[in-house]
Amino acid sequence: MAIRKLLAALGLALAVAACAQPGEPVTRGPAAQHPQVEMRFTPTSLARTLAFDTVTVTQRGELALATLVLRNPRSRALSLQYQTYWTDGAGVPVGNATVWRRLALTSGETEALQIAAPSPDGERLVLQMRPLDD
């Protein structure tokens, strides 16, 4: 009986850890001001190495479509990974998170990311970024 309780507690702890949000939300610029987009960076200092020139969310048919224009203002190249998922109005994830994708930006380069919601329930985009693991 004690082993079952231990296994149940361990399973619950793993489930909570799997749902943890990495990093802290961006608090400055267009990304912070858009109510339908949340960006998280790990480590949080990564937020200071990118510039978000524009952040918009429009409708494409029944689906929300987020467009984020990122710029590398630094004098050296950046190699990053990003993952996205959408949440509904209550903050519950809609669909599955995408796999981690690579994003390389040379000095001064811009990149436009367009991310469509997986269903009409998707109201808010969450973008997570981290340095590329070599």
# chains A, B, ... in the order shown; residues from 1 in each chain; ligands from 1
$ residues_around --residues "A:Ser107" --least-positions-apart "3" --cutoff "8 Å" --atoms "only C-alpha atoms" --output "JSON, numbers by chain"
{"A": [72, 73, 74, 75, 76, 77, 78]}
$ residues_around --residues "A:Gln83" --least-positions-apart "4" --cutoff "7 Å" --atoms "only C-alpha atoms" --output "JSON, numbers by chain"
{"A": [97, 98, 99, 100, 101, 127, 128, 129]}
$ residues_around --residues "stretch 63-69 of chain A" --least-positions-apart "6" --cutoff "12 Å" --atoms "only C-alpha atoms" --output "PyMOL selection string"
chain A and resi 30-31+34-39+50-57+84-88+105+109-127
$ write_last_selection --atoms "N, CA and C atoms" --output "tab-separated table (two decimals), in the first residue's frame"
chain	number	residue	atom	x	y	z
A	30	PRO	N	6.64	45.32	-27.78
A	30	PRO	CA	5.39	44.88	-28.40
A	30	PRO	C	4.91	43.53	-27.88
A	31	ALA	N	5.83	42.63	-27.55
A	31	ALA	CA	5.44	41.31	-27.06
A	31	ALA	C	4.72	41.40	-25.72
A	34	HIS	N	0.96	42.86	-26.08
A	34	HIS	CA	-0.08	42.16	-26.84
A	34	HIS	C	-0.80	41.16	-25.94
A	35	PRO	N	-2.12	41.31	-25.77
A	35	PRO	CA	-2.85	40.43	-24.85
A	35	PRO	C	-2.98	38.98	-25.32
A	36	GLN	N	-2.69	38.70	-26.60
A	36	GLN	CA	-2.85	37.34	-27.11
A	36	GLN	C	-1.52	36.62	-27.31
A	37	VAL	N	-0.43	37.20	-26.83
A	37	VAL	CA	0.88	36.57	-27.00
A	37	VAL	C	1.64	36.64	-25.68
A	38	GLU	N	2.21	35.51	-25.31
A	38	GLU	CA	3.09	35.46	-24.13
A	38	GLU	C	4.40	34.83	-24.57
A	39	MET	N	5.50	35.48	-24.24
A	39	MET	CA	6.82	34.95	-24.59
A	39	MET	C	7.58	34.65	-23.32
A	50	LEU	N	17.25	39.78	-27.97
A	50	LEU	CA	16.39	39.83	-29.16
A	50	LEU	C	15.54	41.08	-29.13
A	51	ALA	N	15.21	41.58	-30.31
A	51	ALA	CA	14.26	42.68	-30.43
A	51	ALA	C	13.03	42.16	-31.17
A	52	PHE	N	11.86	42.47	-30.66
A	52	PHE	CA	10.61	42.12	-31.33
A	52	PHE	C	10.07	43.39	-31.96
A	53	ASP	N	10.19	43.47	-33.29
A	53	ASP	CA	9.78	44.68	-33.98
A	53	ASP	C	8.26	44.81	-34.07
A	54	THR	N	7.58	43.72	-34.38
A	54	THR	CA	6.12	43.75	-34.41
A	54	THR	C	5.57	42.43	-33.90
A	55	VAL	N	4.42	42.51	-33.28
A	55	VAL	CA	3.69	41.33	-32.81
A	55	VAL	C	2.22	41.59	-33.12
A	56	THR	N	1.62	40.74	-33.96
A	56	THR	CA	0.21	40.89	-34.29
A	56	THR	C	-0.48	39.54	-34.24
A	57	VAL	N	-1.77	39.57	-33.97
A	57	VAL	CA	-2.61	38.37	-34.06
A	57	VAL	C	-3.82	38.75	-34.88
A	84	THR	N	6.18	26.48	-29.53
A	84	THR	CA	4.94	27.24	-29.36
A	84	THR	C	3.78	26.33	-28.98
A	85	TYR	N	2.83	26.92	-28.30
A	85	TYR	CA	1.53	26.27	-28.10
A	85	TYR	C	0.49	27.36	-27.88
A	86	TRP	N	-0.76	27.01	-28.06
A	86	TRP	CA	-1.87	27.94	-27.89
A	86	TRP	C	-2.69	27.53	-26.68
A	87	THR	N	-3.32	28.52	-26.05
A	87	THR	CA	-4.23	28.25	-24.95
A	87	THR	C	-5.60	28.83	-25.27
A	88	ASP	N	-6.61	28.32	-24.58
A	88	ASP	CA	-7.96	28.86	-24.75
A	88	ASP	C	-8.15	30.04	-23.81
A	105	LEU	N	19.96	33.57	-36.36
A	105	LEU	CA	19.90	34.95	-36.85
A	105	LEU	C	21.30	35.54	-36.87
A	109	GLU	N	19.96	40.61	-38.62
A	109	GLU	CA	18.95	39.87	-39.40
A	109	GLU	C	17.59	39.89	-38.72
A	110	THR	N	16.53	39.93	-39.54
A	110	THR	CA	15.16	39.81	-39.02
A	110	THR	C	14.55	38.52	-39.54
A	111	GLU	N	13.59	38.02	-38.79
A	111	GLU	CA	12.87	36.80	-39.16
A	111	GLU	C	11.42	36.96	-38.73
A	112	ALA	N	10.50	36.66	-39.63
A	112	ALA	CA	9.08	36.71	-39.31
A	112	ALA	C	8.60	35.28	-39.05
A	113	LEU	N	8.04	35.07	-37.88
A	113	LEU	CA	7.44	33.79	-37.54
A	113	LEU	C	5.93	33.93	-37.64
A	114	GLN	N	5.28	33.01	-38.34
A	114	GLN	CA	3.82	32.98	-38.40
A	114	GLN	C	3.38	31.66	-37.80
A	115	ILE	N	2.52	31.74	-36.79
A	115	ILE	CA	2.08	30.55	-36.08
A	115	ILE	C	0.56	30.58	-36.00
A	116	ALA	N	-0.07	29.57	-36.60
A	116	ALA	CA	-1.53	29.47	-36.60
A	116	ALA	C	-2.00	28.61	-35.44
A	117	ALA	N	-3.13	28.99	-34.87
A	117	ALA	CA	-3.73	28.19	-33.80
A	117	ALA	C	-4.18	26.85	-34.38
A	118	PRO	N	-4.14	25.78	-33.58
A	118	PRO	CA	-4.52	24.46	-34.08
A	118	PRO	C	-6.03	24.27	-34.23
A	119	SER	N	-6.79	25.14	-33.56
A	119	SER	CA	-8.25	25.05	-33.63
A	119	SER	C	-8.84	26.42	-33.31
A	120	PRO	N	-10.13	26.61	-33.55
A	120	PRO	CA	-10.76	27.88	-33.22
A	120	PRO	C	-10.72	28.21	-31.73
A	121	ASP	N	-10.48	27.21	-30.87
A	121	ASP	CA	-10.39	27.46	-29.43
A	121	ASP	C	-9.10	28.17	-29.04
A	122	GLY	N	-8.08	28.12	-29.90
A	122	GLY	CA	-6.80	28.76	-29.59
A	122	GLY	C	-6.93	30.27	-29.61
A	123	GLU	N	-6.73	30.90	-28.44
A	123	GLU	CA	-6.89	32.34	-28.32
A	123	GLU	C	-5.59	33.07	-27.99
A	124	ARG	N	-4.67	32.37	-27.34
A	124	ARG	CA	-3.43	33.01	-26.87
A	124	ARG	C	-2.23	32.14	-27.20
A	125	LEU	N	-1.23	32.74	-27.85
A	125	LEU	CA	-0.01	32.03	-28.21
A	125	LEU	C	1.01	32.15	-27.08
A	126	VAL	N	1.67	31.03	-26.77
A	126	VAL	CA	2.80	31.03	-25.84
A	126	VAL	C	4.02	30.60	-26.65
A	127	LEU	N	5.03	31.46	-26.68
A	127	LEU	CA	6.28	31.19	-27.38
A	127	LEU	C	7.37	31.04	-26.35
$ select_by_dssp --residues "stretch 57-115 of chain A" --states "strand (DSSP E or B)" --output "ChimeraX atom specification"
/A:57-60,63-71,78-87,93-94,101-105,110-115
$ write_last_selection --atoms "C-alpha atoms" --output "PDB file, in the first residue's frame"
ATOM      1  CA  VAL A  57      -2.607  38.372 -34.059  1.00  0.00           C
ATOM      2  CA  THR A  58      -5.170  38.272 -36.858  1.00  0.00           C
ATOM      3  CA  GLN A  59      -7.879  35.852 -37.932  1.00  0.00           C
ATOM      4  CA  ARG A  60      -7.372  33.478 -40.855  1.00  0.00           C
ATOM      5  CA  LEU A  63      -8.140  30.333 -36.690  1.00  0.00           C
ATOM      6  CA  ALA A  64      -5.988  32.912 -34.954  1.00  0.00           C
ATOM      7  CA  LEU A  65      -2.683  33.642 -36.718  1.00  0.00           C
ATOM      8  CA  ALA A  66       0.190  35.225 -34.804  1.00  0.00           C
ATOM      9  CA  THR A  67       2.967  37.037 -36.653  1.00  0.00           C
ATOM     10  CA  LEU A  68       6.121  37.949 -34.744  1.00  0.00           C
ATOM     11  CA  VAL A  69       8.993  39.814 -36.351  1.00  0.00           C
ATOM     12  CA  LEU A  70      12.236  39.179 -34.455  1.00  0.00           C
ATOM     13  CA  ARG A  71      15.522  41.011 -34.971  1.00  0.00           C
ATOM     14  CA  LEU A  78      22.371  34.020 -32.374  1.00  0.00           C
ATOM     15  CA  SER A  79      21.431  30.341 -32.431  1.00  0.00           C
ATOM     16  CA  LEU A  80      18.159  29.650 -30.660  1.00  0.00           C
ATOM     17  CA  GLN A  81      15.382  27.108 -30.319  1.00  0.00           C
ATOM     18  CA  TYR A  82      11.714  27.933 -29.963  1.00  0.00           C
ATOM     19  CA  GLN A  83       8.535  26.044 -29.163  1.00  0.00           C
ATOM     20  CA  THR A  84       4.943  27.243 -29.364  1.00  0.00           C
ATOM     21  CA  TYR A  85       1.534  26.273 -28.103  1.00  0.00           C
ATOM     22  CA  TRP A  86      -1.870  27.936 -27.890  1.00  0.00           C
ATOM     23  CA  THR A  87      -4.227  28.250 -24.949  1.00  0.00           C
ATOM     24  CA  PRO A  93      -3.467  24.357 -23.661  1.00  0.00           C
ATOM     25  CA  VAL A  94      -5.188  23.680 -26.988  1.00  0.00           C
ATOM     26  CA  ARG A 101      12.615  24.385 -33.773  1.00  0.00           C
ATOM     27  CA  ARG A 102      15.931  25.950 -34.615  1.00  0.00           C
ATOM     28  CA  LEU A 103      16.245  29.680 -35.322  1.00  0.00           C
ATOM     29  CA  ALA A 104      19.570  31.195 -36.412  1.00  0.00           C
ATOM     30  CA  LEU A 105      19.899  34.948 -36.855  1.00  0.00           C
ATOM     31  CA  THR A 110      15.158  39.814 -39.023  1.00  0.00           C
ATOM     32  CA  GLU A 111      12.873  36.797 -39.155  1.00  0.00           C
ATOM     33  CA  ALA A 112       9.080  36.708 -39.311  1.00  0.00           C
ATOM     34  CA  LEU A 113       7.437  33.785 -37.538  1.00  0.00           C
ATOM     35  CA  GLN A 114       3.823  32.980 -38.399  1.00  0.00           C
ATOM     36  CA  ILE A 115       2.078  30.554 -36.078  1.00  0.00           C
TER      37      ILE A 115
END
$ select_by_dssp --residues "stretch 19-109 of chain A" --states "alpha helix (DSSP H)" --output "count of residues only"
5
